[in-house]
file structure.txt (compact mmCIF, C-alpha atoms)
# COMPACT_ATOMS: atom_id res chain seq x y z
CA GLU A 211 179.41 11.04 86.74
CA THR A 212 175.78 10.19 86.10
CA GLY A 213 176.42 6.47 86.12
CA VAL A 214 175.35 5.85 82.52
CA THR A 215 178.26 5.28 80.15
CA GLN A 216 178.02 4.96 76.39
CA THR A 217 180.65 3.77 73.93
CA PRO A 218 181.78 4.70 71.42
CA ARG A 219 181.15 8.44 71.69
CA HIS A 220 181.60 8.86 67.95
CA LEU A 221 181.10 6.35 65.15
CA VAL A 222 181.40 6.69 61.39
CA MET A 223 180.22 3.76 59.32
CA GLY A 224 179.40 2.87 55.79
CA MET A 225 176.01 1.65 54.74
CA THR A 226 177.16 -1.97 54.55
CA ASN A 227 178.99 -2.08 57.89
CA LYS A 228 177.90 -3.81 61.06
CA LYS A 229 178.62 -2.04 64.32
CA SER A 230 177.28 -1.94 67.87
CA LEU A 231 176.64 0.76 70.43
CA LYS A 232 177.11 -0.11 74.07
CA CYS A 233 175.51 1.32 77.18
CA GLU A 234 176.28 0.49 80.79
CA GLN A 235 174.57 1.82 83.91
CA HIS A 236 175.91 1.66 87.45
CA LEU A 237 172.82 3.05 89.18
CA GLY A 238 171.06 -0.20 90.00
CA HIS A 239 168.15 0.71 87.74
CA ASN A 240 165.93 -1.93 86.21
CA ALA A 241 164.83 -0.18 83.02
CA MET A 242 166.99 0.92 80.08
CA TYR A 243 166.12 2.89 76.97
CA TRP A 244 167.45 3.81 73.54
CA TYR A 245 166.50 7.26 72.22
CA LYS A 246 167.35 8.84 68.88
CA GLN A 247 168.09 12.57 68.82
CA SER A 248 168.07 14.28 65.42
CA ALA A 249 168.37 17.98 64.71
CA LYS A 250 165.09 19.90 65.08
CA LYS A 251 163.16 16.77 66.08
CA PRO A 252 161.88 15.57 69.43
CA LEU A 253 163.74 12.86 71.25
CA GLU A 254 162.39 9.64 69.76
CA LEU A 255 162.00 6.57 71.92
CA MET A 256 163.27 3.49 70.09
CA PHE A 257 163.34 0.65 72.61
CA VAL A 258 162.67 0.04 76.28
CA TYR A 259 163.78 -2.88 78.40
CA SER A 260 162.38 -3.48 81.86
CA LEU A 261 163.94 -6.23 83.93
CA GLU A 262 165.76 -7.33 80.75
CA GLU A 263 162.51 -7.82 78.86
CA ARG A 264 161.69 -5.62 75.89
CA VAL A 265 158.50 -3.72 76.71
CA GLU A 266 158.44 -1.06 73.99
CA ASN A 267 159.46 -1.15 70.36
CA ASN A 268 158.37 1.98 68.54
CA SER A 269 158.20 0.68 64.97
CA VAL A 270 161.95 0.91 64.59
CA PRO A 271 163.40 -0.53 61.34
CA SER A 272 164.92 -3.97 61.69
CA ARG A 273 168.35 -2.60 60.78
CA PHE A 274 168.43 -1.56 64.45
CA SER A 275 168.56 -4.54 66.78
CA PRO A 276 168.66 -4.09 70.57
CA GLU A 277 170.08 -6.52 73.09
CA CYS A 278 169.83 -6.42 76.87
CA PRO A 279 171.87 -9.28 78.39
CA ASN A 280 171.34 -8.03 81.95
CA SER A 281 169.90 -5.05 83.76
CA SER A 282 173.19 -3.13 83.61
CA HIS A 283 174.01 -3.46 79.92
CA LEU A 284 172.23 -2.49 76.74
CA PHE A 285 173.42 -2.78 73.17
CA LEU A 286 172.17 -1.43 69.87
CA HIS A 287 173.38 -3.49 66.93
CA LEU A 288 173.51 -1.60 63.64
CA HIS A 289 173.38 -3.21 60.20
CA THR A 290 173.01 -1.75 56.70
CA LEU A 291 172.09 1.69 57.95
CA GLN A 292 170.98 4.62 55.81
CA PRO A 293 172.41 8.16 55.81
CA GLU A 294 169.17 9.39 57.44
CA ASP A 295 170.04 7.24 60.46
CA SER A 296 172.85 9.65 61.29
CA ALA A 297 171.99 11.08 64.69
CA LEU A 298 172.90 11.13 68.36
CA TYR A 299 171.82 7.90 70.03
CA LEU A 300 171.13 8.32 73.71
CA CYS A 301 170.90 5.55 76.24
CA ALA A 302 169.00 6.14 79.46
CA SER A 303 168.04 4.23 82.56
CA SER A 304 165.41 4.63 85.26
CA GLN A 305 164.12 2.89 88.30
CA ASP A 306 160.80 1.49 87.24
CA SER A 307 158.29 -0.92 88.54
CA SER A 308 156.85 -3.43 86.11
CA LEU A 309 153.53 -2.63 87.71
CA ALA A 310 153.68 1.15 87.64
CA GLY A 311 155.45 1.68 84.32
CA TYR A 312 157.39 4.87 83.92
CA THR A 313 157.41 6.67 87.21
CA GLY A 314 160.57 8.67 87.54
CA GLU A 315 163.67 10.38 86.27
CA LEU A 316 165.53 9.28 83.18
CA PHE A 317 169.30 9.26 83.57
CA PHE A 318 170.92 9.74 80.17
CA GLY A 319 174.35 8.83 78.92
CA GLU A 320 176.46 11.28 76.92
CA GLY A 321 175.32 9.69 73.67
CA SER A 322 176.94 8.07 70.66
CA ARG A 323 177.19 10.38 67.65
CA LEU A 324 176.61 8.20 64.59
CA THR A 325 177.43 9.25 61.05
CA VAL A 326 176.41 6.97 58.19
CA LEU A 327 178.22 7.63 54.92
CA GLY B 173 149.22 8.45 71.05
CA GLU B 174 150.44 11.50 72.90
CA ASN B 175 151.56 14.60 70.99
CA VAL B 176 153.55 17.36 72.67
CA GLU B 177 153.98 20.80 71.12
CA GLN B 178 156.63 23.16 72.51
CA HIS B 179 157.05 26.90 71.93
CA PRO B 180 159.08 28.88 71.20
CA SER B 181 161.81 26.95 69.40
CA THR B 182 164.36 29.65 70.24
CA LEU B 183 164.35 32.28 72.97
CA SER B 184 166.85 35.02 73.76
CA VAL B 185 166.68 36.98 76.99
CA GLN B 186 168.89 39.47 78.75
CA GLU B 187 170.62 38.26 81.88
CA GLY B 188 168.37 38.86 84.86
CA ASP B 189 165.15 38.73 82.87
CA SER B 190 162.61 35.91 83.04
CA ALA B 191 162.10 33.19 80.46
CA VAL B 192 158.92 31.23 79.81
CA ILE B 193 158.60 28.09 77.70
CA LYS B 194 155.19 26.62 76.96
CA CYS B 195 154.04 23.13 76.06
CA THR B 196 150.72 21.59 75.15
CA TYR B 197 149.80 17.94 75.16
CA SER B 198 147.00 15.96 73.58
CA ASP B 199 146.32 12.95 75.81
CA SER B 200 144.14 13.88 78.77
CA ALA B 201 145.32 10.71 80.52
CA SER B 202 148.88 12.07 80.80
CA ASN B 203 149.73 12.76 84.41
CA TYR B 204 153.48 13.29 84.56
CA PHE B 205 155.28 16.29 83.04
CA PRO B 206 159.07 16.56 83.36
CA TRP B 207 161.43 19.19 81.98
CA TYR B 208 164.93 18.32 80.82
CA LYS B 209 167.86 20.66 80.22
CA GLN B 210 170.55 19.81 77.68
CA GLU B 211 173.64 21.98 77.58
CA LEU B 212 175.68 22.02 74.38
CA GLY B 213 177.39 18.67 73.90
CA LYS B 214 176.03 17.31 77.16
CA ARG B 215 173.38 14.80 78.15
CA PRO B 216 169.78 15.83 78.94
CA GLN B 217 169.18 16.18 82.68
CA LEU B 218 165.95 16.46 84.61
CA ILE B 219 165.53 19.89 86.18
CA ILE B 220 161.97 19.78 87.46
CA ASP B 221 158.81 17.75 87.07
CA ILE B 222 155.16 18.03 88.02
CA ARG B 223 152.38 15.52 88.44
CA SER B 224 148.76 16.13 87.69
CA ASN B 225 147.69 16.36 91.31
CA VAL B 226 149.40 19.76 91.67
CA GLY B 227 149.13 22.98 89.67
CA GLU B 228 152.51 24.54 90.39
CA LYS B 229 155.90 23.52 91.64
CA LYS B 230 158.93 25.68 92.42
CA ASP B 231 162.61 24.97 92.88
CA GLN B 232 164.63 28.13 93.50
CA ARG B 233 164.60 30.12 90.22
CA ILE B 234 162.66 27.47 88.31
CA ALA B 235 158.91 26.88 88.41
CA VAL B 236 156.51 24.78 86.42
CA THR B 237 152.77 25.34 86.11
CA LEU B 238 150.17 22.90 84.87
CA ASN B 239 146.68 23.55 83.54
CA LYS B 240 145.02 20.17 83.06
CA THR B 241 141.81 21.63 81.69
CA ALA B 242 143.64 23.41 78.89
CA LYS B 243 146.25 20.63 78.62
CA HIS B 244 149.24 22.90 78.81
CA PHE B 245 152.19 23.34 81.12
CA SER B 246 154.94 25.92 81.29
CA LEU B 247 158.48 26.36 82.56
CA HIS B 248 159.38 29.65 84.18
CA ILE B 249 162.97 30.68 84.84
CA THR B 250 163.47 33.89 86.82
CA GLU B 251 166.63 35.99 87.16
CA THR B 252 168.23 34.18 84.24
CA GLN B 253 171.97 33.64 84.22
CA PRO B 254 174.36 32.74 81.36
CA GLU B 255 174.58 29.17 82.68
CA ASP B 256 170.86 28.80 81.98
CA SER B 257 171.70 28.84 78.26
CA ALA B 258 170.76 25.39 76.96
CA VAL B 259 168.06 23.48 75.11
CA TYR B 260 165.04 22.72 77.26
CA PHE B 261 162.69 19.82 76.53
CA CYS B 262 159.26 19.30 77.95
CA ALA B 263 157.68 15.85 78.04
CA ALA B 264 154.42 14.17 78.94
CA ASN B 265 153.60 10.67 80.00
CA TYR B 266 150.88 8.54 81.39
CA SER B 267 152.41 7.03 84.48
CA GLY B 268 150.57 3.75 84.73
CA ALA B 269 151.04 0.04 84.45
CA GLY B 270 152.98 -0.93 81.36
CA SER B 271 153.49 2.67 80.23
CA TYR B 272 157.01 3.73 79.26
CA GLN B 273 156.21 6.15 76.46
CA LEU B 274 157.61 9.52 77.53
CA THR B 275 156.79 11.89 74.65
CA PHE B 276 159.12 14.86 74.26
CA GLY B 277 158.61 18.26 72.69
CA LYS B 278 161.03 19.49 70.01
CA GLY B 279 162.97 21.62 72.44
CA THR B 280 163.57 25.32 73.07
CA LYS B 281 167.04 26.78 72.66
CA LEU B 282 167.42 29.41 75.37
CA SER B 283 170.20 31.97 75.06
CA VAL B 284 170.88 34.26 78.02
CA ILE B 285 172.76 37.36 76.90
CA PRO B 286 175.18 38.76 79.50
call {"tool": "encode", "arguments": {"input": "structure.txt", "output": "structure tokens"}}
result
Amino acid sequence: ETGVTQTPRHLVMGMTNKKSLKCEQHLGHNAMYWYKQSAKKPLELMFVYSLEERVENNSVPSRFSPECPNSSHLFLHLHTLQPEDSALYLCASSQDSSLAGYTGELFFGEGSRLTVL
Amino acid sequence: GENVEQHPSTLSVQEGDSAVIKCTYSDSASNYFPWYKQELGKRPQLIIDIRSNVGEKKDQRIAVTLNKTAKHFSLHITETQPEDSAVYFCAANYSGAGSYQLTFGKGTKLSVIP
């Protein structure tokens, strides 16, 4: 296994629901990411945490709320989503230096397939 | 910000033939160019990368070339096999202090026909 585990793998929710996606990495990395993958679009970076501090937030709507309690866990809290938010949400981790920024390989999880009705 | 264009969006080749995927980028400060492979229903995985201090890098049947002047880089797969069928993503990034913005292309779906 790659060492990055995401749960749940599939999630169906209504527009008024609140749910959370979970990511856990066992690689000893110090940076974790949330990406959104939609059909026929590039992978879109949503959030980056380095050493548990958020370092990137790419103008993501507030209905997506990340949480990084420690360097091994990352959550994405979902609230009042829209149908256009349906996508594959990929978590990734890397070994980064706060001084050098992104320097190496991203290790992705299998993703959480989200469907918003 | 960085913009990465990737072509073609789909590519079909006969088994044993070569495949070439091309990407262009906009930010001349970008200095790190990885390629990821995503098989159907699987996670993206890094297959090869190149940094701006080299022009070409090879790993068995896979090679990547970089032309910094023209701001384009390419993935070359020789002697293609059915297991090479996947979506390939190029990406570009400025690897410097405080930089985490890896910009991906839209992907190329490669089909290798047995």
call {"tool": "closest_residue", "arguments": {"input": "structure.txt", "among": "A:His239, A:Arg273, A:Lys228, A:Arg264", "to": "chain B", "atoms": "only C-alpha atoms"}}
result
A:Arg264
call {"tool": "residues_near_point", "arguments": {"input": "structure.txt", "point": "(168.2, 17.3, 67.9)", "cutoff": "12 Å", "atoms": "only C-alpha atoms", "output": "PyMOL selection string"}}
result
(chain A and resi 245-254+296-300+321+323) or (chain B and resi 181+210+212-213+215-216+259-261+276-281)
call {"tool": "residues_near_point", "arguments": {"input": "structure.txt", "point": "(148.7, 19.0, 73.9)", "cutoff": "12 Å", "atoms": "all atoms listed in the file", "output": "ChimeraX atom specification"}}
result
/B:173-179,194-202,205,238-246,262-265,275-277
call {"tool": "closest_residue", "arguments": {"input": "structure.txt", "among": "A:Leu327, A:Glu320, A:Leu261, A:Glu315", "to": "Asp221 of chain B", "atoms": "all atoms listed in the file"}}
result
A:Glu315
call {"tool": "atom_distance", "arguments": {"input": "structure.txt", "atom1": "atom CA of Val284 of chain B", "atom2": "atom CA of Gly227 of chain B"}}
result
27.1 Å
call {"tool": "closest_residue", "arguments": {"input": "structure.txt", "among": "A:Ser230, A:Val214, A:Met242, A:Gly319", "to": "chain B", "atoms": "all atoms listed in the file"}}
result
A:Gly319
call {"tool": "residues_around", "arguments": {"input": "structure.txt", "residues": "Leu291 of chain A", "least_positions_apart": "2", "cutoff": "9 Å", "atoms": "all atoms listed in the file", "output": "list of chain:residue names"}}
result
A:Met223, A:Gly224, A:Met225, A:Thr226, A:Asn227, A:Lys228, A:Arg273, A:Phe274, A:Leu288, A:His289, A:Pro293, A:Glu294, A:Asp295, A:Ser296, A:Val326
call {"tool": "residues_around", "arguments": {"input": "structure.txt", "residues": "Ala241 of chain A", "least_positions_apart": "5", "cutoff": "8 Å", "atoms": "all atoms listed in the file", "output": "list in words"}}
result
Val258, Tyr259, Ser260, Leu261, Glu262, Ser281, Ser303, Ser304, Gln305 and Asp306 of chain A
call {"tool": "closest_residue", "arguments": {"input": "structure.txt", "among": "A:Phe285, A:Tyr243, A:Lys232, A:Leu221", "to": "chain B", "atoms": "all atoms listed in the file"}}
result
A:Tyr243
call {"tool": "closest_residue", "arguments": {"input": "structure.txt", "among": "A:Glu266, A:Thr290, A:Pro271, A:His236", "to": "chain B", "atoms": "all atoms listed in the file"}}
result
A:Glu266
call {"tool": "atom_distance", "arguments": {"input": "structure.txt", "atom1": "atom CA of Leu183 of chain B", "atom2": "atom CA of Lys230 of chain B"}}
result
21.2 Å
call {"tool": "closest_residue", "arguments": {"input": "structure.txt", "among": "B:Asn203, B:Lys214, B:Thr250, B:Gln186", "to": "chain A", "atoms": "only C-alpha atoms"}}
result
B:Lys214
call {"tool": "atom_distance", "arguments": {"input": "structure.txt", "atom1": "atom CA of Pro206 of chain B", "atom2": "atom CA of Leu255 of chain A"}}
result
15.5 Å
call {"tool": "decode", "arguments": {"input": "structure.txt", "residues": "segment 210-233 of chain B", "atoms": "N, CA and C atoms", "output": "compact mmCIF listing (two decimals), in the first residue's frame"}}
result
# COMPACT_ATOMS: atom_id res chain seq x y z
N GLN B 210 -2.24 7.65 -13.93
CA GLN B 210 -3.41 7.23 -13.17
C GLN B 210 -4.15 6.15 -13.96
N GLU B 211 -4.05 4.93 -13.48
CA GLU B 211 -4.81 3.85 -14.10
C GLU B 211 -6.27 3.96 -13.66
N LEU B 212 -7.15 3.34 -14.43
CA LEU B 212 -8.59 3.45 -14.19
C LEU B 212 -8.94 3.03 -12.77
N GLY B 213 -9.57 3.94 -12.03
CA GLY B 213 -9.99 3.65 -10.67
C GLY B 213 -8.89 3.63 -9.64
N LYS B 214 -7.69 4.05 -10.06
CA LYS B 214 -6.55 4.01 -9.14
C LYS B 214 -6.07 5.43 -8.82
N ARG B 215 -5.13 5.51 -7.91
CA ARG B 215 -4.58 6.81 -7.53
C ARG B 215 -3.50 7.25 -8.54
N PRO B 216 -3.29 8.54 -8.70
CA PRO B 216 -2.15 9.00 -9.52
C PRO B 216 -0.84 8.60 -8.85
N GLN B 217 0.14 8.20 -9.68
CA GLN B 217 1.45 7.84 -9.16
C GLN B 217 2.53 8.47 -10.01
N LEU B 218 3.55 8.97 -9.36
CA LEU B 218 4.67 9.58 -10.07
C LEU B 218 5.42 8.52 -10.87
N ILE B 219 5.68 8.81 -12.14
CA ILE B 219 6.45 7.86 -12.95
C ILE B 219 7.82 8.40 -13.31
N ILE B 220 7.93 9.70 -13.46
CA ILE B 220 9.22 10.29 -13.77
C ILE B 220 9.12 11.80 -13.55
N ASP B 221 10.23 12.42 -13.25
CA ASP B 221 10.24 13.88 -13.12
C ASP B 221 11.56 14.43 -13.63
N ILE B 222 11.57 15.71 -13.90
CA ILE B 222 12.79 16.36 -14.40
C ILE B 222 12.87 17.75 -13.79
N ARG B 223 14.08 18.16 -13.51
CA ARG B 223 14.31 19.50 -12.98
C ARG B 223 15.03 20.33 -14.03
N SER B 224 14.97 21.61 -13.87
CA SER B 224 15.36 22.49 -14.97
C SER B 224 16.86 22.52 -15.21
N ASN B 225 17.63 21.83 -14.43
CA ASN B 225 19.07 21.81 -14.69
C ASN B 225 19.47 20.68 -15.64
N VAL B 226 18.49 19.91 -16.10
CA VAL B 226 18.78 18.86 -17.09
C VAL B 226 17.80 18.98 -18.25
N GLY B 227 18.18 18.45 -19.41
CA GLY B 227 17.32 18.55 -20.58
C GLY B 227 16.58 17.27 -20.89
N GLU B 228 17.10 16.14 -20.37
CA GLU B 228 16.47 14.85 -20.67
C GLU B 228 16.76 13.89 -19.53
N LYS B 229 15.79 13.03 -19.29
CA LYS B 229 15.94 12.01 -18.27
C LYS B 229 15.26 10.75 -18.74
N LYS B 230 15.91 9.59 -18.54
CA LYS B 230 15.34 8.32 -19.00
C LYS B 230 15.21 7.35 -17.85
N ASP B 231 14.17 6.51 -17.93
CA ASP B 231 14.00 5.44 -16.98
C ASP B 231 13.38 4.27 -17.73
N GLN B 232 14.20 3.37 -18.22
CA GLN B 232 13.78 2.22 -19.00
C GLN B 232 13.03 2.69 -20.25
N ARG B 233 11.73 2.39 -20.37
CA ARG B 233 11.01 2.75 -21.60
C ARG B 233 10.43 4.17 -21.56
